[in-house]
Structures are given as structure tokens and as C-alpha cells.
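Peer 1: I'm passing along protein.txt; it holds compact mmCIF, C-alpha atoms and all ligand atoms.
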# COMPACT_ATOMS: atom_id res chain seq x y z
CA MET A 1 -118.36 -11.06 -25.61
CA ALA A 2 -116.60 -14.04 -27.20
CA ILE A 3 -118.49 -17.18 -28.08
CA THR A 4 -117.46 -20.51 -29.55
CA ILE A 5 -119.69 -22.78 -31.60
CA SER A 6 -119.19 -26.53 -31.40
CA PRO A 7 -121.19 -29.78 -31.57
CA VAL A 8 -123.46 -30.68 -28.65
CA ARG A 9 -122.10 -33.64 -26.67
CA ILE A 10 -123.97 -35.85 -24.22
CA ALA A 11 -122.72 -33.74 -21.30
CA ASP A 12 -124.33 -30.69 -22.92
CA VAL A 13 -127.87 -32.07 -23.17
CA ARG A 14 -128.99 -30.54 -19.88
CA GLY A 15 -127.58 -27.09 -20.70
CA SER A 16 -129.10 -27.26 -24.18
CA PHE A 17 -132.49 -28.24 -22.80
CA ASP A 18 -132.44 -25.38 -20.30
CA VAL A 19 -131.46 -22.69 -22.79
CA THR A 20 -134.11 -23.91 -25.25
CA ALA A 21 -136.80 -23.77 -22.55
CA ARG A 22 -135.74 -20.22 -21.59
CA ALA A 23 -135.54 -18.94 -25.18
CA LEU A 24 -138.75 -20.64 -26.31
CA ALA A 25 -140.61 -19.74 -23.13
CA ARG A 26 -143.96 -19.30 -24.88
CA THR A 27 -143.77 -22.68 -26.64
CA SER A 28 -142.60 -24.26 -23.38
CA GLU A 29 -145.59 -22.96 -21.46
CA VAL A 30 -147.89 -24.39 -24.14
CA ILE A 31 -146.39 -27.88 -24.22
CA TYR A 32 -145.32 -28.24 -20.56
CA GLU A 33 -146.94 -27.49 -17.20
CA MET A 34 -144.32 -24.91 -16.26
CA PRO A 35 -142.20 -24.66 -14.22
CA LEU A 36 -140.76 -28.14 -14.57
CA THR A 37 -139.72 -29.76 -11.32
CA GLU A 38 -136.09 -30.90 -11.00
CA GLU A 39 -137.26 -34.48 -11.29
CA ALA A 40 -139.30 -33.81 -14.44
CA ARG A 41 -136.38 -31.93 -15.99
CA ASP A 42 -134.05 -34.88 -15.25
CA ILE A 43 -136.45 -37.24 -16.98
CA HIS A 44 -136.72 -34.97 -20.04
CA VAL A 45 -132.94 -34.66 -20.20
CA ALA A 46 -132.51 -38.44 -19.89
CA HIS A 47 -135.01 -38.92 -22.71
CA ARG A 48 -133.15 -36.44 -24.96
CA THR A 49 -129.86 -38.14 -24.14
CA LYS A 50 -131.28 -41.52 -25.10
CA LYS A 51 -132.58 -40.13 -28.39
CA MET A 52 -129.23 -38.53 -29.17
CA LEU A 53 -127.35 -41.78 -28.49
CA ALA A 54 -129.83 -43.72 -30.62
CA ALA A 55 -129.44 -41.24 -33.50
CA GLU A 56 -125.64 -41.49 -33.27
CA ALA A 57 -125.77 -45.29 -33.24
CA ALA A 58 -128.13 -45.32 -36.22
CA THR A 59 -125.69 -43.41 -38.42
CA ALA A 60 -122.37 -44.78 -37.08
CA ASN A 61 -120.27 -47.44 -38.82
CA ARG A 62 -122.91 -48.56 -41.26
CA GLY A 63 -120.55 -48.24 -44.18
CA GLU A 64 -123.31 -46.58 -46.18
CA GLU A 65 -124.44 -43.02 -46.65
CA PRO A 66 -127.30 -42.17 -44.25
CA THR A 67 -130.51 -40.87 -45.84
CA GLU A 68 -130.83 -38.39 -42.98
CA LYS A 69 -128.63 -37.20 -40.15
CA ALA A 70 -129.09 -34.95 -37.10
CA PHE A 71 -126.59 -32.26 -36.06
CA SER A 72 -126.73 -30.12 -32.92
CA PHE A 73 -124.53 -27.17 -32.02
CA LYS A 74 -124.03 -25.10 -28.93
CA ALA A 75 -122.86 -21.53 -28.53
CA VAL A 76 -120.76 -21.14 -25.38
CA ASP A 77 -119.87 -17.84 -23.71
CA THR A 78 -116.12 -18.25 -23.27
CA ALA A 79 -116.09 -15.95 -20.23
CA THR A 80 -118.47 -18.14 -18.21
CA GLY A 81 -118.41 -21.52 -19.99
CA GLU A 82 -122.20 -21.31 -20.09
CA ILE A 83 -124.28 -22.59 -23.03
CA VAL A 84 -126.08 -19.52 -24.36
CA GLY A 85 -127.53 -20.82 -27.61
CA VAL A 86 -128.33 -24.01 -29.49
CA SER A 87 -129.29 -25.14 -32.96
CA ARG A 88 -130.60 -28.54 -34.01
CA TRP A 89 -130.65 -29.59 -37.64
CA THR A 90 -131.64 -32.64 -39.63
CA ILE A 91 -130.32 -33.04 -43.13
CA TYR A 92 -132.48 -35.20 -45.40
CA TYR A 93 -130.03 -36.17 -48.15
CA GLN A 94 -132.76 -37.96 -50.13
CA ASP A 95 -136.41 -37.20 -50.76
CA GLU A 96 -138.28 -38.59 -47.76
CA PRO A 97 -141.17 -41.02 -48.24
CA VAL A 98 -144.12 -40.15 -45.98
CA THR A 99 -145.17 -43.23 -44.04
CA LYS A 100 -147.47 -41.73 -41.39
CA THR A 101 -150.58 -39.59 -41.40
CA ILE A 102 -150.33 -36.16 -39.79
CA GLU A 103 -152.21 -37.54 -36.79
CA GLU A 104 -149.79 -40.49 -36.44
CA GLU A 105 -146.78 -38.16 -36.69
CA ALA A 106 -148.20 -35.94 -33.94
CA MET A 107 -149.03 -38.98 -31.77
CA SER A 108 -145.44 -40.24 -32.03
CA PHE A 109 -144.34 -37.24 -29.92
CA LEU A 110 -146.55 -38.39 -27.04
CA THR A 111 -144.64 -41.61 -26.49
CA PRO A 112 -143.07 -42.19 -24.05
CA ALA A 113 -145.31 -40.15 -21.76
CA LEU A 114 -143.01 -37.63 -20.05
CA PRO A 115 -143.84 -35.70 -16.87
CA GLN A 116 -145.59 -32.32 -16.97
CA VAL A 117 -146.32 -32.56 -20.70
CA ARG A 118 -149.69 -31.06 -21.70
CA THR A 119 -150.60 -33.98 -23.92
CA LYS A 120 -153.42 -32.36 -25.89
CA ALA A 121 -151.46 -29.16 -26.42
CA LEU A 122 -148.34 -31.02 -27.58
CA TYR A 123 -150.47 -33.04 -29.99
CA ALA A 124 -152.10 -29.89 -31.42
CA PHE A 125 -148.69 -28.16 -31.64
CA ARG A 126 -147.12 -31.08 -33.53
CA MET A 127 -150.15 -31.26 -35.87
CA CYS A 128 -149.64 -27.60 -36.64
CA LEU A 129 -145.92 -28.07 -37.48
CA GLU A 130 -146.69 -31.18 -39.53
CA ARG A 131 -149.28 -29.30 -41.60
CA ILE A 132 -146.77 -26.53 -42.26
CA GLY A 133 -144.14 -29.08 -43.37
CA ARG A 134 -146.45 -30.77 -45.83
CA LYS A 135 -147.62 -27.46 -47.27
CA SER A 136 -144.02 -26.25 -47.64
CA VAL A 137 -141.90 -29.14 -48.92
CA ALA A 138 -144.24 -31.81 -50.37
CA LEU A 139 -143.35 -33.39 -53.70
CA PRO A 140 -145.24 -32.64 -55.84
CA PRO A 141 -146.35 -29.40 -54.12
CA VAL A 142 -149.79 -29.62 -52.48
CA LYS A 143 -152.66 -27.83 -54.15
CA GLU A 144 -155.05 -25.50 -52.32
CA GLY A 145 -157.53 -27.57 -50.30
CA GLU A 146 -155.73 -30.89 -50.96
CA ASP A 147 -155.84 -33.52 -48.22
CA LEU A 148 -152.43 -33.28 -46.56
CA ASN A 149 -152.60 -36.97 -45.73
CA SER A 150 -152.37 -37.73 -49.43
CA VAL A 151 -148.78 -36.40 -49.51
CA LYS A 152 -146.40 -39.26 -50.36
CA MET A 153 -143.02 -37.54 -50.46
CA LEU A 154 -141.20 -34.62 -48.86
CA SER A 155 -138.31 -32.94 -50.61
CA LYS A 156 -134.73 -33.54 -49.54
CA ARG A 157 -133.74 -30.59 -47.43
CA VAL A 158 -131.76 -29.04 -44.61
CA TYR A 159 -134.25 -28.71 -41.76
CA LEU A 160 -133.77 -26.38 -38.80
CA ASP A 161 -135.58 -28.03 -35.92
CA VAL A 162 -134.49 -25.67 -33.11
CA LEU A 163 -132.72 -22.30 -32.95
CA ALA A 164 -132.66 -20.76 -29.50
CA VAL A 165 -130.53 -18.06 -27.90
CA ASP A 166 -130.77 -17.27 -24.20
CA PRO A 167 -132.81 -14.06 -23.75
CA SER A 168 -129.88 -12.49 -21.86
CA HIS A 169 -127.64 -13.01 -24.91
CA GLN A 170 -129.98 -12.16 -27.80
CA GLY A 171 -129.16 -9.45 -30.32
CA GLN A 172 -125.40 -10.13 -30.24
CA GLY A 173 -125.00 -12.19 -33.41
CA ILE A 174 -125.28 -15.65 -31.79
CA GLY A 175 -128.43 -16.68 -33.69
CA LYS A 176 -126.79 -15.61 -36.92
CA ALA A 177 -123.64 -17.59 -36.15
CA LEU A 178 -125.66 -20.74 -35.31
CA LEU A 179 -127.73 -20.35 -38.49
CA GLN A 180 -124.71 -19.99 -40.76
CA TRP A 181 -123.58 -23.63 -40.43
CA GLY A 182 -126.82 -24.97 -41.89
CA LEU A 183 -126.95 -22.40 -44.68
CA ASP A 184 -123.38 -23.26 -45.69
CA GLU A 185 -124.25 -26.98 -45.70
CA ALA A 186 -127.39 -26.29 -47.74
CA ASP A 187 -125.38 -24.35 -50.32
CA ARG A 188 -122.65 -27.01 -50.42
CA LEU A 189 -125.23 -29.77 -50.93
CA GLY A 190 -127.50 -27.70 -53.19
CA LEU A 191 -130.50 -28.28 -50.88
CA VAL A 192 -133.37 -26.05 -49.80
CA THR A 193 -133.48 -25.08 -46.14
CA PHE A 194 -136.81 -25.35 -44.36
CA LEU A 195 -137.99 -24.31 -40.90
CA GLU A 196 -141.14 -23.37 -39.01
CA SER A 197 -140.49 -19.87 -37.70
CA THR A 198 -141.83 -18.31 -34.54
CA ASN A 199 -142.84 -14.66 -34.90
CA GLN A 200 -139.64 -13.75 -33.06
CA GLY A 201 -137.49 -15.65 -35.56
CA ARG A 202 -138.98 -13.99 -38.65
CA PRO A 203 -136.69 -10.92 -38.88
CA LEU A 204 -133.58 -13.11 -38.78
CA TYR A 205 -134.82 -15.51 -41.46
CA ASP A 206 -136.09 -12.67 -43.66
CA LYS A 207 -132.53 -11.32 -43.65
CA TYR A 208 -131.18 -14.65 -44.86
CA ASP A 209 -133.41 -14.94 -47.94
CA PHE A 210 -136.03 -17.28 -46.51
CA GLU A 211 -139.46 -16.92 -48.13
CA PRO A 212 -142.66 -17.56 -46.15
CA THR A 213 -144.77 -20.47 -47.43
CA THR A 214 -147.74 -20.73 -45.07
CA SER A 215 -148.71 -19.80 -41.51
CA ASP A 216 -150.58 -21.90 -38.98
CA THR A 217 -152.10 -20.51 -35.81
CA LEU A 218 -152.83 -22.60 -32.77
CA ASP A 219 -155.48 -21.28 -30.39
CA VAL A 220 -154.15 -22.16 -26.93
CA THR A 221 -157.21 -21.05 -24.95
CA PRO A 222 -158.59 -24.64 -24.81
CA PHE A 223 -155.44 -25.49 -22.81
CA GLY A 224 -156.14 -22.83 -20.21
CA LEU A 225 -153.69 -20.31 -21.71
CA ASP A 226 -154.12 -16.95 -23.40
CA GLY A 227 -153.88 -16.19 -27.09
CA VAL A 228 -152.44 -18.08 -30.00
CA LEU A 229 -149.15 -19.61 -31.11
CA THR A 230 -148.29 -18.78 -34.73
CA HIS A 231 -145.66 -20.47 -36.86
CA THR A 232 -144.70 -19.69 -40.44
CA GLY A 233 -143.13 -22.16 -42.84
CA MET A 234 -140.04 -20.64 -44.45
CA VAL A 235 -137.95 -21.98 -47.29
CA ARG A 236 -134.60 -20.75 -48.57
CA GLN A 237 -133.23 -21.78 -51.96
CA PRO A 238 -129.55 -22.78 -52.10
CA LYS A 239 -127.08 -20.27 -53.47
CA ILE A 240 -125.26 -21.54 -56.50
CA LYS A 241 -121.53 -21.15 -55.93
CA ASN A 242 -119.31 -20.67 -58.98
C1 LIG B 301 -134.57 -15.66 -33.09
C2 LIG B 301 -133.25 -15.75 -32.33
C3 LIG B 301 -132.66 -17.16 -32.48
C4 LIG B 301 -132.27 -14.73 -32.93
O1 LIG B 301 -131.03 -14.87 -32.27
P1 LIG B 301 -130.16 -13.60 -31.86
O2 LIG B 301 -128.85 -14.08 -31.36
O3 LIG B 301 -130.96 -12.72 -30.98
O4 LIG B 301 -130.01 -12.89 -33.30
P2 LIG B 301 -128.72 -12.16 -33.87
O5 LIG B 301 -128.18 -11.22 -32.85
O6 LIG B 301 -127.76 -13.17 -34.41
O7 LIG B 301 -129.34 -11.35 -35.06
C5 LIG B 301 -129.09 -11.68 -36.42
C6 LIG B 301 -129.68 -10.64 -37.32
O8 LIG B 301 -131.12 -10.69 -37.24
C7 LIG B 301 -131.62 -9.44 -36.77
N1 LIG B 301 -132.63 -9.73 -35.75
C8 LIG B 301 -132.64 -10.72 -34.85
N2 LIG B 301 -133.74 -10.63 -34.08
C9 LIG B 301 -134.42 -9.54 -34.52
C10 LIG B 301 -135.61 -8.91 -34.13
N3 LIG B 301 -136.38 -9.41 -33.15
N4 LIG B 301 -136.02 -7.82 -34.82
C11 LIG B 301 -135.27 -7.31 -35.84
N5 LIG B 301 -134.11 -7.87 -36.25
C12 LIG B 301 -133.69 -8.96 -35.60
C13 LIG B 301 -130.45 -8.74 -36.12
O9 LIG B 301 -130.57 -7.35 -36.20
C14 LIG B 301 -129.28 -9.25 -36.92
O10 LIG B 301 -129.12 -8.50 -38.10
P3 LIG B 301 -127.66 -8.00 -38.60
O11 LIG B 301 -126.95 -9.24 -39.02
O12 LIG B 301 -127.95 -7.10 -39.73
O13 LIG B 301 -127.03 -7.34 -37.43
C15 LIG B 301 -133.44 -15.40 -30.82
O14 LIG B 301 -134.06 -14.15 -30.72
C16 LIG B 301 -134.26 -16.44 -30.04
O15 LIG B 301 -133.72 -17.43 -29.56
N6 LIG B 301 -135.56 -16.20 -29.90
C17 LIG B 301 -136.45 -17.08 -29.13
C18 LIG B 301 -136.54 -18.45 -29.73
C19 LIG B 301 -137.07 -18.40 -31.13
O16 LIG B 301 -138.11 -17.82 -31.42
N7 LIG B 301 -136.30 -19.04 -32.03
C20 LIG B 301 -136.64 -19.12 -33.44
C21 LIG B 301 -137.31 -20.43 -33.62
S1 LIG B 301 -137.80 -20.69 -35.29
Mind turning this structure into C-alpha cells?
Peer 2:
Amino acid sequence: MAITISPVRIADVRGSFDVTARALARTSEVIYEMPLTEEARDIHVAHRTKKMLAAEAATANRGEEPTEKAFSFKAVDTATGEIVGVSRWTIYYQDEPVTKTIEEEAMSFLTPALPQVRTKALYAFRMCLERIGRKSVALPPVKEGEDLNSVKMLSKRVYLDVLAVDPSHQGQGIGKALLQWGLDEADRLGLVTFLESTNQGRPLYDKYDFEPTTSDTLDVTPFGLDGVLTHTGMVRQPKIKN
């Protein structure tokens, strides 16, 4: 199977959304009332499109170096033209001042209110990721038992927001190929790479020299679901190239 990797364009937002929902089925069932109706999916896709356009406009033609920038890539199966994997990165070129509490950060994901979102579950999920971030990349590092809302700065970093490969295409090197771009950028820029791994992602990141920092487990039974959702903060140091 041949695949190509290239940047996500506006026309790809729907395909990217769909492959992410399929790959991250467990996360999707926690944060959305699944299955999404066609109408709900259209609204989610329109929202993502708007965010992508806003991010592009924010970094275009400013004549100055951005402090952070988002990059998304798609893996396309050349035989079918279908999007079979996506990655979404944000590079923080400078240390990032923390301006919101963990609660405010999590709340910001609830606006605008989108259809079929399980509001309380999404809030709890974002709180969990936010806690992992502050425990993993705060400057100075947080101490055991420290109030995470006292963190003032997060380290500059390459952040992997999403890595998702369609279940029908997993185990064929696509995840690895999508990951490589960010690791190369991190090495070129001399930055750490940070992500919150699902349990399924762990073997891949272990292979690429990521070290676990902390795990956070979300009990999803209050949302009418079974079990827990566990994420592990993982950090990779840049490779010094001579
Ligand atoms: C995690 C994920 C992105 C990996 O993508 P993939 O295309 O299946 O992985 P690859 O085929 O590129 O595998 C890369 C390497 O990791 C190893 N690997 C990947 N998944 C593995 C698993 N579950 N168990 C053991 N090894 C695994 C492969 O053996 C391979 O090693 P190699 O280079 O020595 O051959 C994919 O399984 C996925 O989308 N999962 C659901 C979404 C998710 O959890 N994403 C991670 C979010 S943090």
C-alpha cells in the first residue's frame, strides 16, 4: 500500500474529522453522544474549518515570527484517494505564559456549544489533559502536591495534539510516518516534544524515546459509560545533531 503525507487543506477537514473519530472511537464516545447525526457532523466540521482559517489568518503576513503555530498533516492511500491518517501539531517557539486556570482552559472547549457534545465529560476530559500538561512541561517543574493553578509558564515545545490512523490501516507504518515530521522539527529546533498518550499510542511513543511523565485516569461511569479513560504525559528530548 502506498501512502502520501501532505498538509491538511480546508477541503480535507471533513475527512480528517471522520478518520479521527474512527481511530479515537473510545475518546469520541466519551465526549460525544455517538453516533453523530449528519447535521451534527456538518456543524463540527464547519467549526473546525473556521478554527483552521482563523489560525492561518493569525500567523499569515504579520511580518514577525509567530510564538506558536499549528500544523496538520494527512496520510492518503494513493489507491483510493481516501484520508487514512492525520496528525495535528502545535509548535510553541517560545515559553508560553499561562493566563488561565485549569478550569478556565477546560471551559474554553465548551464554547461554542456544539451538538451532541457531552458537556460534563468534555470538561472532565480537558481538565485531565490540562493537568497532565502542567505536570509535564511547567517551568519551573511542579513539585509533588503543588497547586497546578500556580504554574505561570509552560516550556517551549513541539506538541502533538492528535495522531490517528484509521483502524483498517493501522500497523502499516502510517503512524510512524506521521510522527516523524514533528520529531524532525523538534530536533531541528532543539525542542522537547510533548503529548498525552492513549494506552494504544504508548508502544509507538516508547519506540521513539518518549519518557512517561504522569498518568491521569478519568472515571467515565458518571457519564453513563463503562470504565476509565487513561492518558499518559510523554516527553521526548531533542536529539543533538552534529
Ligand atoms: C497509535 C497509532 C497512531 C499507531 O499508528 P499505526 O499506523 O498503527 O502505527 P505504525 O504501523 O506506524 O507502527 C509504528 C511502530 O510502532 C509499533 N506499534 C504501533 N502500535 C503498536 C501496538 N499497539 N503494539 C505494539 N507495537 C505497536 C509498530 O510495531 C511499529 O514498530 P516498527 O517501526 O518497529 O515496525 C494508531 O494505532 C491509532 O491511530 N490508534 C488509535 C488512536 C490513538 O490512540 N492515537 C494515539 C493518540 S496519543
Peer 1: Go through A:Val165, A:Leu179, A:Met153, A:Leu53 one by one, measure the shortest atom-to-atom distance of each to Ala11 in chain A using all atoms listed in the file, and give the residue with the smallest value.
Peer 2: A:Leu53
Peer 1: Excluding same-chain residues fewer than 2 positions from Ile102 in chain A, what lies within 12 Å of it counting all atoms listed in the file, as a list in words?
Peer 2: Val98, Thr99, Lys100, Glu104, Glu105, Ala106, Met107, Ser108, Phe109, Tyr123, Ala124, Phe125, Arg126, Met127, Cys128, Leu129, Glu130, Arg131, Ile132, Gly133, Arg134, Lys135, Asp147, Leu148, Asn149, Ser150, Val151 and Lys152 of chain A
Peer 1: Around ligand LIG 301 (chain B), fit a box with edges along x, y and z, padding it by 8 Å on each side, then list its centre and edge lengths in Å to one decimal as lines of an AutoDock Vina configuration file.
Peer 2:
center_x = -132.5
center_y = -13.9
center_z = -34.4
size_x = 27.2
size_y = 29.6
size_z = 26.6
Peer 1: Given a cut-off of 7 Å, what residues near ligand LIG 301 (chain B) show up using only C-alpha atoms and all ligand atoms, put as a ChimeraX atom specification?
Peer 2: /A:23-24,162-167,169-177,195-201,203-204,207
Peer 1: Which polymer residues have any atom within 12 Å of an atom of Thr4 in chain A, counting only C-alpha atoms, with same-chain residues fewer than 2 positions away left out, as a PyMOL selection string?
Peer 2: chain A and resi 1-2+6-8+73-86+173-174+177-178
Peer 1: Give the answer as one residue: which of A:Ala113, A:Val158, A:Met234, A:Ala21 has the shortest atom-to-atom distance to Gly182 in chain A, using all atoms listed in the file?
Peer 2: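 Comparing A:Ala113, A:Val158, A:Met234, A:Ala21 against Gly182 in chain A, the winner is A:Val158.
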Peer 1: For Thr67 in chain A, which residue out of A:Val13, A:Ala138, A:Met52, A:Ile91 is the nearest one, using only C-alpha atoms?
Peer 2: A:Ile91
Peer 1: I'd like to know which of A:Ser28, A:Gln116, A:Thr213, A:Ser72 is closest to Ile43 in chain A, using only C-alpha atoms.
Peer 2: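 Distance minimum relative to Ile43 in chain A lands on A:Gln116.
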Peer 1: Could you work out how far CA of Gln237 in chain A lies from CA of Glu64 in chain A, giving the answer in Å with one decimal?
Peer 2: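 Computed distance, CA of Glu64 in chain A to CA of Gln237 in chain A, equals 27.3 Å.
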Peer 1: Could you please determine the separation between CA of Ala60 in chain A and CA of Ile3 in chain A in Å, to one decimal place?
Peer 2: 29.3 Å
Peer 1: Using all atoms listed in the file, which protein or nucleic acid residues come within 10 Å of Ala121 in chain A? Drop anything in the same chain fewer than 5 positions from it, and give the result as a PyMOL selection string.
Peer 2: chain A and resi 29-32+126-127+218-220+222-223
Peer 1: I'd like the neighbourhood of Glu96 in chain A as a PyMOL selection string, where a residue qualifies if any of its atoms comes within 8 Å (using all atoms listed in the file), though same-chain residues fewer than 6 positions away should be ignored.
Peer 2: chain A and resi 153-156
Peer 1: Between CA of Asp42 in chain A and CA of Arg14 in chain A, what is the distance, to one decimal in Å?
Peer 2: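 Here the two named atoms are 8.1 Å from each other.
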Peer 1: I need every residue sitting at most 6 Å from the point (-133.7, -16.9, -46.7) (coordinates as in the file, all atoms listed in the file considered), written as a list of chain:residue names.
Peer 2: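 Counting all atoms listed in the file, I find these residues within 6 Å of (-133.7, -16.9, -46.7): A:Tyr205, A:Asp206, A:Tyr208, A:Asp209, A:Phe210, A:Glu211, A:Arg236.
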Peer 1: Which residues are close to Trp181 in chain A, i.e. within 10 Å by only C-alpha atoms, leaving aside same-chain residues fewer than 6 positions away? Reply as an MDAnalysis selection string.
Peer 2: chainID A and resid 5 73 87 89
Peer 1: Within 7 Å of (-151.5, -22.1, -39.2), only C-alpha atoms: residues as a list in words?
Peer 2: Cys128, Ser215, Asp216, Thr217, Leu218, Thr230 and His231 of chain A
Peer 1: Under the rule that only C-alpha atoms are counted, which of A:Val117, A:Leu191, A:Val228, A:Leu139 is the nearest residue to Glu33 in chain A?
Peer 2: A:Val117
Peer 1: Give the answer as one residue: which of A:Leu110, A:Ala58, A:Leu189, A:Val235 has the shortest atom-to-atom distance to Arg202 in chain A, using only C-alpha atoms?
Peer 2: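 Smallest distance to Arg202 in chain A is found for A:Val235.
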